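Shown here: entry00.txt, compact mmCIF, C-alpha atoms.
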# COMPACT_ATOMS: atom_id res chain seq x y z
CA MET A 1 169.68 176.14 50.54
CA GLU A 2 167.09 178.85 50.13
CA VAL A 3 166.26 180.99 53.11
CA ILE A 4 162.55 181.15 53.84
CA PRO A 5 161.68 184.59 55.18
CA TYR A 6 158.18 183.95 56.61
CA TYR A 7 156.66 181.07 58.56
CA TYR A 8 152.96 180.62 59.30
CA SER A 9 150.39 177.98 60.13
CA ALA A 10 146.90 177.48 58.67
CA TYR A 11 144.54 174.46 58.43
CA GLY A 12 146.91 172.54 60.71
CA LEU A 13 149.77 172.89 58.18
CA THR A 14 152.99 174.84 58.56
CA LEU A 15 153.71 177.20 55.67
CA GLY A 16 157.06 178.59 54.62
CA SER A 17 156.60 181.59 52.35
CA GLU A 18 158.63 183.97 50.24
CA ILE A 19 155.80 186.48 50.47
CA ARG A 20 154.20 187.98 53.54
CA LEU A 21 150.72 186.57 54.21
CA PRO A 22 148.76 189.03 56.33
CA PRO A 23 146.62 188.50 58.40
CA LEU A 24 148.43 185.27 59.41
CA LYS A 25 150.64 185.54 62.50
CA GLU A 26 154.27 184.54 62.01
CA ILE A 27 155.51 181.47 63.83
CA ASN A 28 159.05 180.31 64.60
CA PRO A 29 161.03 178.79 61.71
CA CYS A 30 160.33 175.07 61.42
CA LEU A 31 160.20 172.20 58.95
CA VAL A 32 157.33 173.23 56.69
CA ASP A 33 154.48 171.19 55.15
CA VAL A 34 153.92 173.68 52.33
CA LEU A 35 156.36 175.97 50.53
CA ILE A 36 155.05 179.15 48.87
CA LYS A 37 157.37 180.83 46.41
CA ARG A 38 157.44 183.27 43.51
CA ALA A 39 158.71 181.87 40.23
CA PRO A 40 157.71 181.57 36.56
CA LEU A 41 155.28 178.67 36.03
CA LEU A 42 155.72 175.65 33.82
CA PRO A 43 153.51 175.88 30.72
CA SER A 44 150.02 174.59 31.53
CA PRO A 45 147.52 172.58 29.49
CA SER A 46 144.74 174.77 28.09
CA LEU A 47 143.18 176.84 30.92
CA GLN A 48 139.40 176.47 31.24
CA PRO A 49 136.96 178.90 32.88
CA THR A 50 135.68 178.03 36.39
CA LYS A 51 132.77 179.17 38.54
CA ILE A 52 135.25 180.82 40.94
CA PHE A 53 135.23 184.60 41.13
CA ARG A 54 137.37 186.74 43.40
CA ALA A 55 137.77 190.51 43.36
CA GLY A 56 135.61 190.56 40.24
CA LEU A 57 137.94 188.24 38.30
CA GLN A 58 136.98 184.80 37.00
CA ALA A 59 139.58 182.11 37.63
CA THR A 60 140.72 179.68 34.95
CA PHE A 61 142.04 176.21 35.72
CA ALA A 62 144.09 173.40 34.22
CA GLN A 63 145.50 170.12 35.48
CA ASN A 64 148.03 167.48 34.58
CA GLY A 65 146.65 164.77 36.88
CA PRO A 66 145.39 165.75 40.34
CA GLN A 67 148.85 166.51 41.74
CA GLN A 68 149.83 169.20 39.21
CA LEU A 69 147.33 172.06 39.06
CA TRP A 70 147.22 175.55 37.58
CA LEU A 71 144.90 178.30 38.78
CA SER A 72 145.06 181.62 36.96
CA TRP A 73 143.52 185.00 37.75
CA ASN A 74 144.76 186.52 34.54
CA PRO A 75 146.09 189.23 34.28
CA LEU A 76 146.60 189.65 38.03
CA LEU A 77 148.40 186.46 39.08
CA SER A 78 148.73 182.73 38.42
CA PHE A 79 149.44 179.76 40.66
CA MET A 80 150.81 176.30 40.16
CA VAL A 81 150.03 173.89 43.01
CA ILE A 82 152.06 170.69 43.26
CA ASN A 83 151.73 167.47 45.31
CA GLY A 84 150.06 169.13 48.29
CA LYS A 85 153.47 170.64 49.11
CA GLU A 86 154.21 173.60 46.93
CA ILE A 87 152.46 176.76 45.73
CA ILE A 88 154.29 178.65 43.00
CA LEU A 89 153.06 182.17 42.41
CA ASP A 90 153.76 184.06 39.21
CA THR A 91 152.88 187.76 39.22
CA VAL A 92 154.25 191.26 38.85
CA GLN A 93 151.85 192.36 41.58
CA ARG A 94 153.61 193.55 44.77
CA ASP A 95 150.63 194.46 46.99
CA GLU A 96 150.99 191.88 49.75
CA ASP A 97 147.36 192.15 50.84
CA VAL A 98 146.27 191.17 47.32
CA LEU A 99 148.81 188.34 47.08
CA SER A 100 147.78 187.04 50.48
CA LEU A 101 144.07 187.19 49.66
CA PHE A 102 144.51 185.01 46.58
CA THR A 103 147.08 182.65 48.11
CA LEU A 104 145.08 181.90 51.26
CA SER A 105 141.84 181.11 49.40
CA GLU A 106 141.56 178.73 46.43
CA ALA A 107 145.32 178.22 45.95
CA LEU A 108 145.70 176.90 49.50
CA GLY A 109 142.43 175.02 48.94
CA LEU A 110 144.09 173.11 46.08
CA ILE A 111 146.88 172.06 48.48
CA LEU A 112 144.25 170.77 50.93
CA PHE A 113 142.44 168.95 48.11
CA GLN A 114 145.69 167.27 47.03
CA ARG A 115 146.21 166.21 50.65
CA GLY A 116 142.83 164.44 50.60
CA TYR A 117 140.75 166.78 52.74
CA PHE A 118 137.03 167.33 52.11
CA LEU A 119 136.37 171.01 51.34
CA LEU A 120 133.22 173.07 51.52
CA HIS A 121 132.50 176.68 50.65
CA GLY A 122 131.25 177.84 54.02
CA SER A 123 132.13 178.98 57.52
CA ALA A 124 132.47 177.17 60.84
CA ILE A 125 132.37 177.88 64.57
CA GLU A 126 133.02 175.91 67.74
CA LEU A 127 130.21 175.54 70.27
CA GLN A 128 131.01 173.63 73.46
CA GLY A 129 133.80 171.76 71.71
CA LYS A 130 131.55 170.83 68.76
CA GLY A 131 132.01 172.08 65.21
CA VAL A 132 129.07 173.72 63.44
CA VAL A 133 129.30 174.49 59.70
CA PHE A 134 127.23 177.08 57.83
CA LEU A 135 126.74 176.66 54.08
CA GLY A 136 124.73 178.77 51.67
CA GLU A 137 124.75 180.59 48.38
CA PRO A 138 127.03 183.65 48.19
CA GLY A 139 125.26 186.37 50.13
CA ALA A 140 123.22 183.86 52.18
CA GLY A 141 124.80 185.22 55.36
CA LYS A 142 127.49 182.68 56.28
CA SER A 143 130.12 185.22 57.33
CA THR A 144 127.56 187.49 58.94
CA THR A 145 126.30 184.58 61.02
CA VAL A 146 129.82 183.62 62.06
CA ALA A 147 130.59 187.26 62.91
CA ALA A 148 127.49 187.38 65.12
CA PHE A 149 128.75 184.32 67.01
CA ALA A 150 132.28 185.74 67.23
CA GLN A 151 130.84 188.92 68.72
CA GLN A 152 129.47 186.76 71.55
CA GLY A 153 132.94 185.33 72.18
CA VAL A 154 132.27 182.06 70.29
CA ARG A 155 135.43 180.63 68.74
CA VAL A 156 135.74 180.75 64.95
CA ILE A 157 137.13 177.71 63.10
CA SER A 158 136.98 178.94 59.53
CA ASP A 159 135.47 181.59 57.27
CA ASP A 160 134.89 181.04 53.53
CA MET A 161 136.49 177.60 53.18
CA VAL A 162 135.85 174.71 55.57
CA CYS A 163 138.40 171.88 55.58
CA ILE A 164 137.24 168.53 56.97
CA GLN A 165 139.28 165.43 57.68
CA VAL A 166 137.05 162.47 56.80
CA SER A 167 138.02 158.92 57.68
CA LYS A 168 136.07 155.67 57.73
CA THR A 169 137.07 154.91 61.32
CA GLU A 170 137.28 158.28 63.16
CA PRO A 171 134.64 160.98 63.55
CA PRO A 172 135.05 163.83 61.01
CA LEU A 173 137.19 166.76 62.20
CA ILE A 174 137.14 170.40 61.07
CA LEU A 175 140.64 171.86 60.77
CA PRO A 176 141.13 175.41 62.09
CA ALA A 177 141.78 177.72 59.09
CA PHE A 178 143.20 181.02 60.33
CA PRO A 179 141.78 183.88 62.39
CA GLN A 180 139.87 186.06 59.97
CA ILE A 181 136.26 186.84 59.10
CA LYS A 182 135.45 188.92 56.03
CA ILE A 183 132.24 190.90 56.27
CA TRP A 184 130.36 193.62 54.42
CA GLU A 185 129.91 197.10 55.80
CA THR A 186 126.19 196.45 56.36
CA THR A 187 127.14 193.60 58.72
CA VAL A 188 129.64 195.84 60.54
CA ALA A 189 126.86 198.38 61.04
CA GLY A 190 124.13 195.85 61.82
CA LEU A 191 126.19 194.10 64.49
CA GLN A 192 127.55 197.45 65.69
CA LEU A 193 131.13 196.21 65.49
CA ALA A 194 133.86 198.72 66.36
CA LYS A 195 135.41 199.82 63.07
CA ASN A 196 138.81 200.38 64.68
CA GLU A 197 139.06 196.59 65.09
CA LEU A 198 138.61 196.02 61.36
CA THR A 199 140.69 196.63 58.25
CA ALA A 200 139.48 197.15 54.69
CA VAL A 201 139.93 194.19 52.30
CA ARG A 202 141.06 194.65 48.70
CA GLU A 203 138.33 192.37 47.48
CA GLY A 204 135.37 194.54 46.95
CA VAL A 205 134.19 197.90 48.02
CA ASN A 206 132.94 198.07 51.60
CA LYS A 207 134.33 194.70 52.69
CA PHE A 208 136.21 194.42 55.95
CA SER A 209 138.51 191.95 57.67
CA TRP A 210 138.05 191.18 61.35
CA HIS A 211 141.07 189.28 62.67
CA GLU A 212 142.81 190.98 65.59
CA SER A 213 140.19 190.57 68.26
CA ILE A 214 138.28 187.42 67.35
CA SER A 215 138.55 184.28 69.40
CA PHE A 216 139.93 181.49 67.24
CA THR A 217 140.09 177.71 67.59
CA GLU A 218 143.64 176.35 67.61
CA ASN A 219 142.87 172.62 67.35
CA ALA A 220 140.77 170.40 65.10
CA VAL A 221 137.13 170.20 66.23
CA PRO A 222 134.70 167.27 65.73
CA LEU A 223 132.04 168.11 63.11
CA GLU A 224 128.64 167.96 64.81
CA GLN A 225 126.14 169.65 62.51
CA ILE A 226 125.85 171.34 59.13
CA PHE A 227 123.36 174.15 58.46
CA VAL A 228 122.41 175.41 55.02
CA LEU A 229 121.30 179.04 55.26
CA THR A 230 118.56 179.97 52.80
CA ALA A 231 116.92 183.30 52.04
CA PRO A 232 114.36 184.32 54.69
CA ASN A 233 111.07 182.44 54.17
CA GLU A 234 112.46 180.26 51.38
CA VAL A 235 111.84 177.25 53.60
CA GLU A 236 109.33 176.91 56.43
CA ASP A 237 110.19 178.70 59.65
CA ALA A 238 110.99 175.38 61.25
CA PRO A 239 114.37 173.88 60.35
CA VAL A 240 114.15 171.11 57.72
CA GLU A 241 116.41 168.10 58.07
CA VAL A 242 117.65 166.96 54.66
CA PRO A 243 117.18 163.17 54.13
CA LYS A 244 120.49 161.31 54.34
CA HIS A 245 120.42 160.13 50.74
CA GLN A 246 120.20 163.74 49.50
CA ILE A 247 123.20 164.95 51.52
CA PRO A 248 125.98 163.90 49.07
CA LEU A 249 124.48 165.96 46.21
CA GLU A 250 123.76 168.87 48.55
CA LEU A 251 127.40 168.92 49.71
CA LEU A 252 128.65 168.66 46.13
CA SER A 253 127.03 172.01 45.32
CA TYR A 254 129.33 173.65 47.91
CA PHE A 255 132.58 172.32 46.45
CA PRO A 256 134.75 175.47 46.57
CA LEU A 257 137.31 174.64 43.87
CA ALA A 258 137.23 174.00 40.11
CA ASP A 259 134.61 171.33 39.29
CA ALA A 260 137.07 169.88 36.75
CA LEU A 261 138.97 168.41 39.73
CA LEU A 262 136.07 166.06 40.39
CA GLN A 263 136.46 163.35 37.78
CA GLY A 264 137.61 159.74 37.85
CA GLU A 265 139.31 158.62 41.08
CA PRO A 266 139.20 162.04 42.83
CA LEU A 267 135.43 162.14 42.14
CA LYS A 268 135.04 158.65 43.61
CA ASP A 269 137.03 159.72 46.67
CA TYR A 270 134.92 162.89 47.12
CA PHE A 271 131.67 160.91 46.72
CA GLU A 272 132.71 158.32 49.30
CA LYS A 273 133.75 161.01 51.80
CA SER A 274 130.41 162.78 51.33
CA ILE A 275 128.66 159.47 52.08
CA THR A 276 130.68 159.02 55.26
CA LEU A 277 129.63 162.53 56.32
CA ALA A 278 125.99 161.86 55.39
CA GLN A 279 125.98 158.81 57.65
CA VAL A 280 127.15 160.67 60.76
CA VAL A 281 126.42 164.40 60.42
CA PRO A 282 122.91 165.89 60.21
CA LEU A 283 122.34 168.55 57.56
CA VAL A 284 119.58 171.04 58.31
CA LYS A 285 118.15 173.83 56.14
CA ILE A 286 117.15 176.97 57.97
CA SER A 287 115.92 180.38 56.93
CA ARG A 288 118.55 183.01 57.54
CA PRO A 289 117.38 185.30 60.34
CA ALA A 290 115.66 188.19 58.57
CA ASP A 291 117.29 190.99 60.56
CA PHE A 292 120.05 191.59 63.10
CA THR A 293 117.72 191.34 66.09
CA LYS A 294 116.57 187.89 64.92
CA LEU A 295 120.19 186.95 64.19
CA ARG A 296 121.11 187.73 67.82
CA ALA A 297 118.20 185.59 69.03
CA PHE A 298 119.33 182.77 66.71
CA VAL A 299 122.90 182.99 68.06
CA ASN A 300 121.69 182.82 71.64
CA HIS A 301 119.39 179.90 70.86
CA LEU A 302 122.07 177.84 69.11
CA LYS A 303 124.65 178.58 71.80
CA THR A 304 122.50 176.73 74.29
CA SER A 305 121.00 174.01 72.08
CA VAL A 306 123.94 172.40 70.24
CA MET B 1 120.48 142.97 22.63
CA VAL B 2 117.91 140.37 23.69
CA ILE B 3 117.70 139.84 27.45
CA THR B 4 116.51 136.37 28.47
CA PRO B 5 116.21 134.73 31.91
CA ASP B 6 119.59 133.08 31.21
CA THR B 7 121.41 136.32 30.47
CA GLN B 8 124.25 136.83 32.96
CA ILE B 9 124.96 140.35 34.15
CA GLN B 10 127.46 142.09 36.45
CA LEU B 11 128.20 145.60 37.73
CA VAL B 12 130.68 147.74 35.80
CA PRO B 13 133.91 148.43 37.71
CA ASN B 14 133.84 152.25 37.61
CA GLN B 15 131.06 152.74 40.12
CA SER B 16 130.74 153.40 43.83
CA SER B 17 127.57 153.04 45.89
CA SER B 18 126.20 153.15 49.39
CA VAL B 19 122.95 152.69 51.25
CA LEU B 20 121.76 155.89 52.97
CA GLY B 21 118.53 155.40 54.87
CA LYS B 22 116.28 153.32 52.58
CA GLU B 23 117.82 154.60 49.37
CA THR B 24 120.90 153.44 47.52
CA VAL B 25 122.99 156.25 46.03
CA LEU B 26 125.44 155.39 43.30
CA LEU B 27 127.93 157.12 41.13
CA ASN B 28 129.53 156.13 37.86
CA TYR B 29 132.70 158.11 38.50
CA GLU B 30 134.15 157.74 35.02
CA LEU B 31 131.06 159.22 33.39
CA GLY B 32 130.24 161.52 36.33
CA ASN B 33 126.62 160.28 36.53
CA TYR B 34 124.81 160.06 39.87
CA TYR B 35 121.71 157.96 40.68
CA GLU B 36 119.37 157.14 43.52
CA LEU B 37 117.72 153.73 43.68
CA ASN B 38 114.56 152.95 45.63
CA GLU B 39 114.26 149.97 47.96
CA VAL B 40 113.71 147.31 45.28
CA GLY B 41 116.37 148.83 43.00
CA GLY B 42 118.76 148.90 45.96
CA PHE B 43 117.94 145.23 46.68
CA ILE B 44 118.85 144.20 43.12
CA TRP B 45 121.99 146.32 43.32
CA SER B 46 123.06 144.66 46.57
CA LEU B 47 122.46 141.18 45.03
CA LEU B 48 124.83 142.05 42.19
CA GLN B 49 127.38 143.41 44.65
CA ASN B 50 127.32 140.23 46.72
CA GLU B 51 127.02 137.63 43.96
CA ARG B 52 129.20 139.44 41.38
CA THR B 53 127.49 137.65 38.47
CA MET B 54 123.82 136.70 38.29
CA SER B 55 121.30 135.60 35.69
CA ILE B 56 118.14 137.64 35.18
CA GLY B 57 116.10 134.55 36.13
CA ASP B 58 117.90 134.21 39.48
CA ILE B 59 117.40 137.88 40.26
CA GLU B 60 113.69 137.57 39.49
CA ALA B 61 113.37 134.57 41.82
CA ARG B 62 115.12 136.45 44.65
CA ILE B 63 112.81 139.46 44.26
CA LEU B 64 109.73 137.20 44.38
CA ASP B 65 111.15 135.68 47.59
CA GLU B 66 111.77 139.05 49.20
CA PHE B 67 108.83 141.22 48.09
CA ASP B 68 105.10 140.67 47.89
CA VAL B 69 104.63 141.25 44.14
CA GLU B 70 102.75 139.63 41.23
CA PRO B 71 105.19 137.54 39.13
CA ALA B 72 104.08 139.18 35.86
CA VAL B 73 104.51 142.69 37.30
CA CYS B 74 107.86 141.71 38.79
CA HIS B 75 109.09 140.43 35.42
CA ASP B 76 108.04 143.54 33.50
CA GLU B 77 109.49 145.97 36.05
CA LEU B 78 112.73 144.02 36.33
CA MET B 79 113.19 144.04 32.53
CA LEU B 80 112.62 147.79 32.50
CA PHE B 81 115.10 148.30 35.35
CA ILE B 82 117.77 146.09 33.72
CA ASP B 83 117.27 147.95 30.46
CA ASN B 84 117.85 151.27 32.28
CA LEU B 85 120.97 150.00 34.05
CA LEU B 86 122.39 148.81 30.72
CA ARG B 87 121.61 152.08 28.99
CA GLU B 88 123.28 154.05 31.82
CA LYS B 89 126.32 151.73 31.58
CA LEU B 90 126.00 150.65 35.21
CA ILE B 91 125.91 146.93 34.41
CA GLU B 92 127.28 144.81 31.59
CA VAL B 93 126.16 141.54 29.98
CA LEU B 94 128.62 138.66 30.12
CA ALA B 95 129.35 137.23 26.70
Could I get this structure in the form of C-alpha cells?
Amino acid sequence: MEVIPYYYSAYGLTLGSEIRLPPLKEINPCLVDVLIKRAPLLPSPSLQPTKIFRAGLQATFAQNGPQQLWLSWNPLLSFMVINGKEIILDTVQRDEDVLSLFTLSEALGLILFQRGYFLLHGSAIELQGKGVVFLGEPGAGKSTTVAAFAQQGVRVISDDMVCIQVSKTEPPLILPAFPQIKIWETTVAGLQLAKNELTAVREGVNKFSWHESISFTENAVPLEQIFVLTAPNEVEDAPVEVPKHQIPLELLSYFPLADALLQGEPLKDYFEKSITLAQVVPLVKISRPADFTKLRAFVNHLKTSV
Amino acid sequence: MVITPDTQIQLVPNQSSSVLGKETVLLNYELGNYYELNEVGGFIWSLLQNERTMSIGDIEARILDEFDVEPAVCHDELMLFIDNLLREKLIEVLA
C-alpha cells in the first residue's frame, strides 16, 4: 500500500496528497475522499483551448465522458481528474506553491463537478449564519469585497470558486473551501492590511495571499443571497433584482470550468440545479463601491441588513 | 411539412423546462439551445407536457378557452409558434 505523506481538507472533502498543498493546514491521517498523486497521464483525446487563464497561461481541456477529464497548462503541468476521487498531476515542476495553486483551483473544481456540486466563479462570506455569494467579471472586486468583510472579522467561506450543494428537497448549502483570500497590492494598500500577515502568490506580480489570520467558516452554510458586482455606475445606484427567469443564464456565465463539460446530461443537470437556485435565492446586481471608503460603508451596511 | 388541425405533435425527449415567475425557460440539452417562453407559449408547453400528444386543433381550442383572443389571431399565432418549435427541434410531428 502506498504511504500518503500529506492529509488536508477542503470543500468538505478529505484529501490525501503526494505533494504539499500550502496554504492548507495538515490534518490527521484518515480515509480520504480524494487522492492527489504525481504520475504520467494516460493519453488524452485532442486537447481544446478553454477560457481559463491562470498565471498568464491558457488551459486546454479534453474529456472521455464526464468522469475522465484532462486539464493541461502546457508546458507547466497537466492534470487528469477521475471519478471525483483522483487527481493525477504530471509535471517536472517542483515549486510547491505553484503546484498547490494549480491543484487547488480548477483541478479540484473538476473533482467537485464530477461529484455533482454546482460551481460558480466567485467568492462567499458568512453573515449571521447565512451565506452571501459575490459574482462578477474578473477585476470586478469579488476578492477585494471579501477581504473588506474579513477585515471586519466576518467569516470567509470561499474565494475564487464557490461550491454549492443543490438538492430538490433541502435548501442550497455553500461548502467551505479553504482559508485563503488572494488580493492585489492595491487592495492591501486600500484596506491598510498589515503586509506581515500576507505572503506573495506566484500568480501575478503584486498579488498576495491572506490566510493565516482570517476567520474561516468550518461548516456548510445555507445560501441566502447572490450579488453580481458591476463596474461603478454601470447599473443604477440602487440594487437591481434580476428577474427569476433570467437567473439560470446569468449563473451560467460564471461557470468556472471548461464550457465543454456542459453538454448532454451534465448540461441538463447544471440547468436544473440553476433553476432550483433561481426559485429560492435572490440574485441582485449592485455597483461595486467606487472607493475604499464606500466599500467600508457597504460592508457595514450589509453586515446589519442580511 | 403541412400542418393541419389534425396533426399530432409531442415534445422531443432531450429537453428540460421549468416555470420561473411568469416565464417558462427551456433547454434542449443535446443541442445546447436555451429559450424563454412567454405566458401563452408556456401554456402551450405545459399542455404538451401534461397530455404528451396533442393535435393542433385541440391546442387551439384550449387556448381559446383560456385566453381572451380572436380565433383568427389565435390560429395564425399558434401556427407561427408551432412552426418555430419544429424548426428549433423542440417538438416533433407524429407520423
Shell of 12 Å around Pro66 (chain A), all atoms listed in the file, local chain residues under 4 positions omitted, as a VMD selection string: chain A and resid 61 to 62 70 80 to 84 110 to 116 258 260 to 267
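The interface of chain A with chain B at 10 Å, considering all atoms listed in the file, consists of Pro243, Lys244, His245, Gln246, Ile247, Pro248, Leu249, Leu262, Gln263, Gly264, Glu265, Pro266, Leu267, Lys268, Asp269, Phe271, Glu272, Ile275, Thr276, Ala278 and Gln279 of chain A.
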Contacts of region 73-85 of chain B at 9 Å or less, counting all atoms listed in the file, minus same-chain residues fewer than 6 places along, as a PyMOL selection string? chain B and resi 3+41+56+59-60+63-64+91-92
Neighbourhood query: residues within 7 Å of (161.5, 181.5, 54.5), file coordinates, counting all atoms listed in the file; return as a PDB file with C-alpha atoms, keeping the file's coordinate frame.
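Saved result, selection-v7.pdb, follows:
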ATOM      1  CA  VAL A   3     166.260 180.990  53.110  1.00  0.00           C
ATOM      2  CA  ILE A   4     162.550 181.150  53.840  1.00  0.00           C
ATOM      3  CA  PRO A   5     161.680 184.590  55.180  1.00  0.00           C
ATOM      4  CA  TYR A   6     158.180 183.950  56.610  1.00  0.00           C
ATOM      5  CA  TYR A   7     156.660 181.070  58.560  1.00  0.00           C
ATOM      6  CA  GLY A  16     157.060 178.590  54.620  1.00  0.00           C
ATOM      7  CA  SER A  17     156.600 181.590  52.350  1.00  0.00           C
ATOM      8  CA  GLU A  18     158.630 183.970  50.240  1.00  0.00           C
TER       9      GLU A  18
END
Enter the distance from CA of His121 (chain A) to CA of Pro45 (chain A), in Å, rounded to one decimal. 26.3 Å
Taking every listed atom of region 26-34 of chain B and adding 8 Å to each side, what centre and edge lengths in Å (one decimal) does the axis-aligned box have, as lines of an AutoDock Vina configuration file?
center_x = 129.5
center_y = 158.5
center_z = 38.3
size_x = 25.3
size_y = 22.1
size_z = 25.9
